[in-house]
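Taking it in order: structure first as structure tokens, then the write-up.
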2 protein chains.
Amino acid sequence: MNIQFKKGVLEICVLSVLAHKDCYGYELVAEISKRIDISEGTIYPLLHRLKDEGHVTTYLQESAGGPPRKYYRLTESGRNEEHEQKEEWMRFAASVNALLLGMNHAAD
Amino acid sequence: MNIQFKKGVLEICVLSVLAHKDCYGYELVAEISKRIDISEGTIYPLLHRLKDEGHVTTYLQESAGGPPRKYYRLTESGRNEEHEQKEEWMRFAASVNALLLGMNHAAD
DNA sequence: ATTAGGTATCTTGTGATGCAAGATACCGTG
DNA sequence: CACGGTATCTTGCATCACAAGATACCTAAT
């Protein structure tokens with residue numbers, strides 16, 4: 001799949017999954033990979049960025065067989081961001097679709 | 001508008017407009033900007049890449065008041081590319097929408 | 001105990017590509 | 001002849017996804 005399509009989209013995907021439930025990084029990769037191929041080297045820097053920006057908080061939780069998991073939870077700011085970015089994506093996708101379908105002269 | 005969303009999408013937008021009619025660069029910027037903000041510094045390198053890859057050919061045509069215009073026309077390879085990239089975009093957009101709407105467990 | 005393998009997090013370097021800013025050049029008008 | 005609009009093109013920068021690998025915890029087999 002075209003890597004470039006993903007630029008900027010993975011962030012809203014992460015926010016959107018976290019809007020449904022708290023997740024740890026590894027779990028997010030698995031969740032999102034059901035639809036869009038994504039690697040771990042992408043998700044961790046992204047999650048740290050989201051934390052730096054105050055959109056998520058984290059808490060540790062032990063796991064059965066393996067190192068402790070770091071769960072990510074949306075903050076209020078994160079929920080706002082999720083909402084805004086989702087709307088922006090919808091507008092953007094609609095614009096691209098309009099262009100690809102040749103509706104760029106009259107319709108709206 | 002989120003710059004990152006555009007990565008990789010502008011190429012299919014250009015191909016798609018050219019699938020309707022031959023255009024010169026300046027005209028493409030105007031055409032695409034109706035829906036998606038785009039700058040000239042983006043379109044010219046992109047057009048040169050498309051030419052290098054054999055997806056377009058060019059021809060010059062004089063204009064009333066200004067330098068000659070360089071028109072771009074899709075080649076057969078360009079039409080194939082346009083078709084494939086359009087389908088890939090549609091699949092991608094559908095995947096993202098599914099994720100954002102929380103349909104990532106069962107539905108398909 | 002030592003090794004191997006699965007789970008989980010994180011870092012580094014590379015590549016693709018959009019943009020701002022500016023250079024170049026043609027043309028008509030004042 | 002300078003100016004502004006049209007039109008093309010180049011350079012340097014920023015963003016972000018990825019491959020590859022480092023680290024570390026735990027269980028099970030040797």
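Chain labels follow the order of the structure tokens: the first chain is A, the next B, and so on; residue numbering restarts at 1 in every chain, and ligands are counted from 1 in their shown order.
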
Checklist entry - DSSP says alpha helix (DSSP H) for which residues of chain A? Put them as a PyMOL selection string? => result chain A and resi 9-20+25-33+40-52+76-100

Checklist entry - Taking only C-alpha atoms (C1' of nucleotides) into account, what are the residues of chain B at most 10 Å from chain C, put as a VMD selection string? => result chain B and resid 3 to 4 6 to 8 10 38 to 43 45 to 46 63 to 68

Which residues of chain D come within 9 Å of chain A, and for each one, what is the closest pair of atoms and their distance in Å to one decimal, counting only C-alpha atoms (C1' of nucleotides), sorted by chain and residue number, as JSON lines?
```
{"residue": "D:DT15", "atom": "C1'", "partner": "A:Lys7", "partner_atom": "CA", "distance": 8.7}
{"residue": "D:DC16", "atom": "C1'", "partner": "A:Lys7", "partner_atom": "CA", "distance": 6.2}
{"residue": "D:DA17", "atom": "C1'", "partner": "A:Thr42", "partner_atom": "CA", "distance": 5.9}
{"residue": "D:DC18", "atom": "C1'", "partner": "A:Gly41", "partner_atom": "CA", "distance": 6.8}
{"residue": "D:DA19", "atom": "C1'", "partner": "A:Gly41", "partner_atom": "CA", "distance": 8.3}
{"residue": "D:DA24", "atom": "C1'", "partner": "A:Pro67", "partner_atom": "CA", "distance": 7.3}
{"residue": "D:DC25", "atom": "C1'", "partner": "A:Pro67", "partner_atom": "CA", "distance": 4.4}
{"residue": "D:DC26", "atom": "C1'", "partner": "A:Gly66", "partner_atom": "CA", "distance": 5.0}
{"residue": "D:DT27", "atom": "C1'", "partner": "A:Gly65", "partner_atom": "CA", "distance": 7.2}
```

Go ahead and dump the residues you just picked, N, CA, C and O atoms (P, O5', C5', C4', C3', O3' and C1' of nucleotides), as a compact mmCIF listing (two decimals), in the first residue's frame.
```txt
# COMPACT_ATOMS: atom_id res chain seq x y z
P DT D 15 8.52 20.16 11.61
O5' DT D 15 7.75 18.97 10.91
C5' DT D 15 6.75 19.29 9.94
C4' DT D 15 6.24 18.03 9.33
C3' DT D 15 6.03 16.89 10.34
O3' DT D 15 4.70 16.43 10.20
C1' DT D 15 7.31 16.15 8.48
P DC D 16 4.04 15.46 11.35
O5' DC D 16 4.29 14.01 10.75
C5' DC D 16 3.80 13.72 9.45
C4' DC D 16 4.40 12.44 8.95
C3' DC D 16 4.40 11.30 9.98
O3' DC D 16 3.96 10.15 9.32
C1' DC D 16 6.52 11.53 9.03
P DA D 17 2.98 9.10 10.13
O5' DA D 17 3.40 7.72 9.46
C5' DA D 17 3.20 7.53 8.06
C4' DA D 17 4.20 6.53 7.53
C3' DA D 17 4.32 5.26 8.38
O3' DA D 17 4.21 4.13 7.54
C1' DA D 17 6.46 6.25 8.02
P DC D 18 4.29 2.63 8.13
O5' DC D 18 5.78 2.19 7.81
C5' DC D 18 6.31 2.46 6.52
C4' DC D 18 7.76 2.08 6.47
C3' DC D 18 8.07 0.79 7.24
O3' DC D 18 8.63 -0.17 6.36
C1' DC D 18 9.58 2.53 7.85
P DA D 19 8.71 -1.71 6.88
O5' DA D 19 10.27 -2.02 6.83
C5' DA D 19 11.06 -1.41 5.81
C4' DA D 19 12.53 -1.49 6.17
C3' DA D 19 12.94 -2.81 6.82
O3' DA D 19 14.23 -3.17 6.35
C1' DA D 19 13.34 -1.01 8.33
P DA D 24 18.62 -3.09 29.34
O5' DA D 24 17.28 -3.89 29.67
C5' DA D 24 16.04 -3.21 29.70
C4' DA D 24 14.90 -4.20 29.75
C3' DA D 24 15.17 -5.42 30.65
O3' DA D 24 14.05 -5.61 31.49
C1' DA D 24 14.31 -6.08 28.59
P DC D 25 14.31 -6.17 33.02
O5' DC D 25 12.97 -6.98 33.32
C5' DC D 25 11.70 -6.45 32.89
C4' DC D 25 10.85 -7.56 32.31
C3' DC D 25 10.89 -8.86 33.12
O3' DC D 25 9.63 -9.08 33.72
C1' DC D 25 10.98 -9.25 30.75
P DC D 26 9.48 -10.19 34.92
O5' DC D 26 9.05 -11.51 34.13
C5' DC D 26 7.77 -11.57 33.51
C4' DC D 26 7.74 -12.76 32.56
C3' DC D 26 8.02 -14.11 33.23
O3' DC D 26 6.79 -14.81 33.39
C1' DC D 26 9.10 -13.89 31.09
P DT D 27 6.78 -16.23 34.22
O5' DT D 27 6.85 -17.34 33.08
C5' DT D 27 6.02 -17.21 31.92
C4' DT D 27 6.38 -18.28 30.90
C3' DT D 27 6.59 -19.68 31.48
O3' DT D 27 5.87 -20.61 30.68
C1' DT D 27 8.49 -19.04 30.21
```

Checklist entry - Nearest to DA7 (chain D) among B:Glu62, B:Glu76, B:Glu11, B:Asp37, with distances taken over only C-alpha atoms (C1' of nucleotides): which residue is it? => result B:Glu62

Next on the checklist: I'd like the contact shell of Asn80 (chain A) - 12 Å cut-off, only C-alpha atoms (C1' of nucleotides), skipping same-chain residues fewer than 4 positions apart - returned as an MDAnalysis selection string.
Outcome noted: chainID A and resid 12 15:16 19 54:56 74:76 84:87

Item to check | Residue hits in chain B, query chain A, radius 12 Å, only C-alpha atoms, as an MDAnalysis selection string | outcome: chainID B and resid 1:21 28 30:37 82:108

Atoms to include: C-alpha atoms. Write the selected residues as a PDB file, in the first residue's frame.
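Result file selection03.pdb:
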```pdb
ATOM      1  CA  MET B   1      -5.561  22.028   5.963  1.00  0.00           C
ATOM      2  CA  ASN B   2      -3.337  19.246   7.269  1.00  0.00           C
ATOM      3  CA  ILE B   3      -0.342  19.131   4.937  1.00  0.00           C
ATOM      4  CA  GLN B   4       0.349  15.500   5.722  1.00  0.00           C
ATOM      5  CA  PHE B   5      -2.978  14.342   4.343  1.00  0.00           C
ATOM      6  CA  LYS B   6      -1.847  15.466   0.916  1.00  0.00           C
ATOM      7  CA  LYS B   7       1.244  13.277   0.750  1.00  0.00           C
ATOM      8  CA  GLY B   8       0.865  10.947  -2.167  1.00  0.00           C
ATOM      9  CA  VAL B   9      -2.655  12.154  -2.907  1.00  0.00           C
ATOM     10  CA  LEU B  10      -1.687  15.067  -5.109  1.00  0.00           C
ATOM     11  CA  GLU B  11      -0.224  12.702  -7.661  1.00  0.00           C
ATOM     12  CA  ILE B  12      -3.511  10.894  -8.207  1.00  0.00           C
ATOM     13  CA  CYS B  13      -5.302  14.269  -8.236  1.00  0.00           C
ATOM     14  CA  VAL B  14      -3.058  15.478 -11.056  1.00  0.00           C
ATOM     15  CA  LEU B  15      -3.471  12.227 -12.972  1.00  0.00           C
ATOM     16  CA  SER B  16      -7.201  12.423 -12.522  1.00  0.00           C
ATOM     17  CA  VAL B  17      -7.527  15.981 -13.811  1.00  0.00           C
ATOM     18  CA  LEU B  18      -5.298  15.135 -16.771  1.00  0.00           C
ATOM     19  CA  ALA B  19      -7.552  12.166 -17.505  1.00  0.00           C
ATOM     20  CA  HIS B  20     -10.290  14.708 -18.299  1.00  0.00           C
ATOM     21  CA  LYS B  21      -8.232  17.186 -20.313  1.00  0.00           C
ATOM     22  CA  LEU B  28      -3.504  22.405 -12.780  1.00  0.00           C
ATOM     23  CA  ALA B  30      -5.869  26.490 -10.217  1.00  0.00           C
ATOM     24  CA  GLU B  31      -7.998  23.456 -10.998  1.00  0.00           C
ATOM     25  CA  ILE B  32      -6.916  21.399  -7.995  1.00  0.00           C
ATOM     26  CA  SER B  33      -6.935  24.405  -5.670  1.00  0.00           C
ATOM     27  CA  LYS B  34     -10.690  24.602  -6.068  1.00  0.00           C
ATOM     28  CA  ARG B  35     -10.812  21.619  -3.748  1.00  0.00           C
ATOM     29  CA  ILE B  36      -7.391  21.224  -2.161  1.00  0.00           C
ATOM     30  CA  ASP B  37      -4.865  23.931  -1.434  1.00  0.00           C
ATOM     31  CA  GLU B  82      -4.524   6.809 -12.934  1.00  0.00           C
ATOM     32  CA  HIS B  83      -6.858   3.853 -12.786  1.00  0.00           C
ATOM     33  CA  GLU B  84      -4.769   1.855 -10.339  1.00  0.00           C
ATOM     34  CA  GLN B  85      -4.052   4.760  -8.029  1.00  0.00           C
ATOM     35  CA  LYS B  86      -7.691   5.761  -7.986  1.00  0.00           C
ATOM     36  CA  GLU B  87      -8.696   2.273  -6.894  1.00  0.00           C
ATOM     37  CA  GLU B  88      -5.945   2.213  -4.310  1.00  0.00           C
ATOM     38  CA  TRP B  89      -7.108   5.527  -2.925  1.00  0.00           C
ATOM     39  CA  MET B  90     -10.699   4.315  -2.741  1.00  0.00           C
ATOM     40  CA  ARG B  91      -9.653   1.196  -0.834  1.00  0.00           C
ATOM     41  CA  PHE B  92      -7.451   3.229   1.464  1.00  0.00           C
ATOM     42  CA  ALA B  93     -10.119   5.827   2.200  1.00  0.00           C
ATOM     43  CA  ALA B  94     -12.634   3.061   2.919  1.00  0.00           C
ATOM     44  CA  SER B  95     -10.193   1.443   5.368  1.00  0.00           C
ATOM     45  CA  VAL B  96      -9.603   4.687   7.199  1.00  0.00           C
ATOM     46  CA  ASN B  97     -13.310   5.412   7.360  1.00  0.00           C
ATOM     47  CA  ALA B  98     -13.952   1.954   8.765  1.00  0.00           C
ATOM     48  CA  LEU B  99     -11.353   2.532  11.459  1.00  0.00           C
ATOM     49  CA  LEU B 100     -12.653   5.966  12.354  1.00  0.00           C
ATOM     50  CA  LEU B 101     -16.197   4.705  12.600  1.00  0.00           C
ATOM     51  CA  GLY B 102     -15.210   1.796  14.817  1.00  0.00           C
ATOM     52  CA  MET B 103     -16.114  -0.940  12.332  1.00  0.00           C
ATOM     53  CA  ASN B 104     -12.812  -2.680  12.916  1.00  0.00           C
ATOM     54  CA  HIS B 105     -14.099  -5.815  14.616  1.00  0.00           C
ATOM     55  CA  ALA B 106     -16.697  -7.515  12.482  1.00  0.00           C
ATOM     56  CA  ALA B 107     -18.172  -5.739   9.486  1.00  0.00           C
ATOM     57  CA  ASP B 108     -16.709  -5.776   6.024  1.00  0.00           C
TER      58      ASP B 108
END
```

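CA of Gly78 (chain B) to CA of Thr57 (chain B) spans 9.4 Å [interatomic distance, one decimal].
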
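Our summary of the geometry notes that CA of Tyr71 (chain A) is positioned 5.1 Å from CA of Cys23 (chain A).
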
Determine which residues of region 34-82 of chain A DSSP labels as strand (DSSP E) from the backbone of this structure, then write them out as a short mmCIF file (atom, residue, chain, number, x, y, z; two decimals) with all heavy atoms, in the first residue's frame.
```cif
data_model
loop_
_atom_site.label_atom_id
_atom_site.label_comp_id
_atom_site.auth_asym_id
_atom_site.auth_seq_id
_atom_site.Cartn_x
_atom_site.Cartn_y
_atom_site.Cartn_z
N VAL A 56 -2.71 12.42 25.38
CA VAL A 56 -2.90 11.14 26.08
C VAL A 56 -2.12 11.16 27.39
O VAL A 56 -1.17 11.91 27.56
CB VAL A 56 -2.40 9.94 25.25
CG1 VAL A 56 -3.15 9.80 23.94
CG2 VAL A 56 -0.90 10.04 24.97
N THR A 57 -2.56 10.32 28.33
CA THR A 57 -1.77 10.03 29.53
C THR A 57 -1.47 8.54 29.50
O THR A 57 -2.09 7.80 28.72
CB THR A 57 -2.55 10.37 30.82
OG1 THR A 57 -3.79 9.65 30.79
CG2 THR A 57 -2.82 11.85 30.89
N THR A 58 -0.53 8.10 30.34
CA THR A 58 -0.16 6.68 30.31
C THR A 58 -0.19 6.10 31.71
O THR A 58 -0.06 6.82 32.70
CB THR A 58 1.27 6.50 29.76
OG1 THR A 58 2.18 7.24 30.57
CG2 THR A 58 1.37 6.98 28.34
N TYR A 59 -0.38 4.79 31.76
CA TYR A 59 -0.24 4.08 33.04
C TYR A 59 0.25 2.68 32.73
O TYR A 59 -0.06 2.11 31.68
CB TYR A 59 -1.56 4.05 33.81
CG TYR A 59 -2.74 3.46 33.06
CD1 TYR A 59 -3.07 2.10 33.19
CD2 TYR A 59 -3.52 4.25 32.21
CE1 TYR A 59 -4.16 1.57 32.50
CE2 TYR A 59 -4.60 3.71 31.53
CZ TYR A 59 -4.92 2.37 31.68
OH TYR A 59 -5.98 1.84 31.00
N LEU A 60 1.05 2.15 33.65
CA LEU A 60 1.62 0.82 33.44
C LEU A 60 0.72 -0.25 34.03
O LEU A 60 0.02 -0.02 35.02
CB LEU A 60 3.00 0.73 34.10
CG LEU A 60 4.11 1.48 33.36
CD1 LEU A 60 5.40 1.45 34.15
CD2 LEU A 60 4.32 0.88 31.98
N GLN A 61 0.76 -1.43 33.42
CA GLN A 61 -0.02 -2.54 33.94
C GLN A 61 0.74 -3.83 33.62
O GLN A 61 1.21 -4.03 32.50
CB GLN A 61 -1.40 -2.55 33.28
CG GLN A 61 -2.44 -3.34 34.05
CD GLN A 61 -3.85 -2.98 33.61
OE1 GLN A 61 -4.24 -1.80 33.70
NE2 GLN A 61 -4.59 -3.93 33.13
N ARG A 69 2.90 -3.57 30.34
CA ARG A 69 2.34 -2.85 29.20
C ARG A 69 2.10 -1.40 29.59
O ARG A 69 1.64 -1.10 30.69
CB ARG A 69 1.02 -3.48 28.79
CG ARG A 69 1.19 -4.89 28.28
CD ARG A 69 -0.14 -5.62 28.25
NE ARG A 69 -0.02 -6.92 27.61
CZ ARG A 69 -0.96 -7.86 27.64
NH1 ARG A 69 -2.10 -7.64 28.28
NH2 ARG A 69 -0.77 -9.02 27.04
N LYS A 70 2.38 -0.52 28.66
CA LYS A 70 2.10 0.90 28.90
C LYS A 70 0.82 1.28 28.17
O LYS A 70 0.79 1.37 26.94
CB LYS A 70 3.27 1.76 28.41
CG LYS A 70 3.11 3.22 28.78
CD LYS A 70 4.22 4.08 28.20
CE LYS A 70 5.48 3.99 29.02
NZ LYS A 70 6.52 4.93 28.52
N TYR A 71 -0.22 1.47 28.94
CA TYR A 71 -1.51 1.82 28.35
C TYR A 71 -1.61 3.32 28.09
O TYR A 71 -1.10 4.13 28.86
CB TYR A 71 -2.65 1.38 29.28
CG TYR A 71 -2.98 -0.09 29.13
CD1 TYR A 71 -2.26 -1.05 29.81
CD2 TYR A 71 -4.02 -0.51 28.30
CE1 TYR A 71 -2.55 -2.40 29.68
CE2 TYR A 71 -4.32 -1.85 28.15
CZ TYR A 71 -3.58 -2.80 28.85
OH TYR A 71 -3.89 -4.13 28.70
N TYR A 72 -2.31 3.66 27.03
CA TYR A 72 -2.53 5.06 26.67
C TYR A 72 -4.00 5.39 26.79
O TYR A 72 -4.85 4.63 26.32
CB TYR A 72 -2.04 5.32 25.25
CG TYR A 72 -0.53 5.21 25.13
CD1 TYR A 72 0.09 3.97 24.97
CD2 TYR A 72 0.27 6.34 25.22
CE1 TYR A 72 1.46 3.86 24.91
CE2 TYR A 72 1.66 6.24 25.15
CZ TYR A 72 2.25 5.00 24.99
OH TYR A 72 3.61 4.89 24.93
N ARG A 73 -4.29 6.52 27.43
CA ARG A 73 -5.68 6.95 27.60
C ARG A 73 -5.84 8.37 27.08
O ARG A 73 -5.03 9.24 27.36
CB ARG A 73 -6.06 6.92 29.08
CG ARG A 73 -7.44 7.50 29.34
CD ARG A 73 -7.73 7.55 30.83
NE ARG A 73 -7.52 6.21 31.41
CZ ARG A 73 -7.96 5.87 32.61
NH1 ARG A 73 -8.63 6.72 33.35
NH2 ARG A 73 -7.72 4.66 33.09
N LEU A 74 -6.88 8.61 26.33
CA LEU A 74 -7.13 9.96 25.80
C LEU A 74 -7.43 10.93 26.93
O LEU A 74 -8.14 10.60 27.86
CB LEU A 74 -8.33 9.95 24.84
CG LEU A 74 -8.12 9.52 23.39
CD1 LEU A 74 -9.32 9.94 22.55
CD2 LEU A 74 -6.85 10.13 22.82
#
```

Checklist outcome for this item: Residue with the minimum atom-to-atom distance to DT6 (chain D), picked from B:Glu27, B:Asp22, B:His48, B:Glu81 with only C-alpha atoms (C1' of nucleotides) counted, is B:Glu27
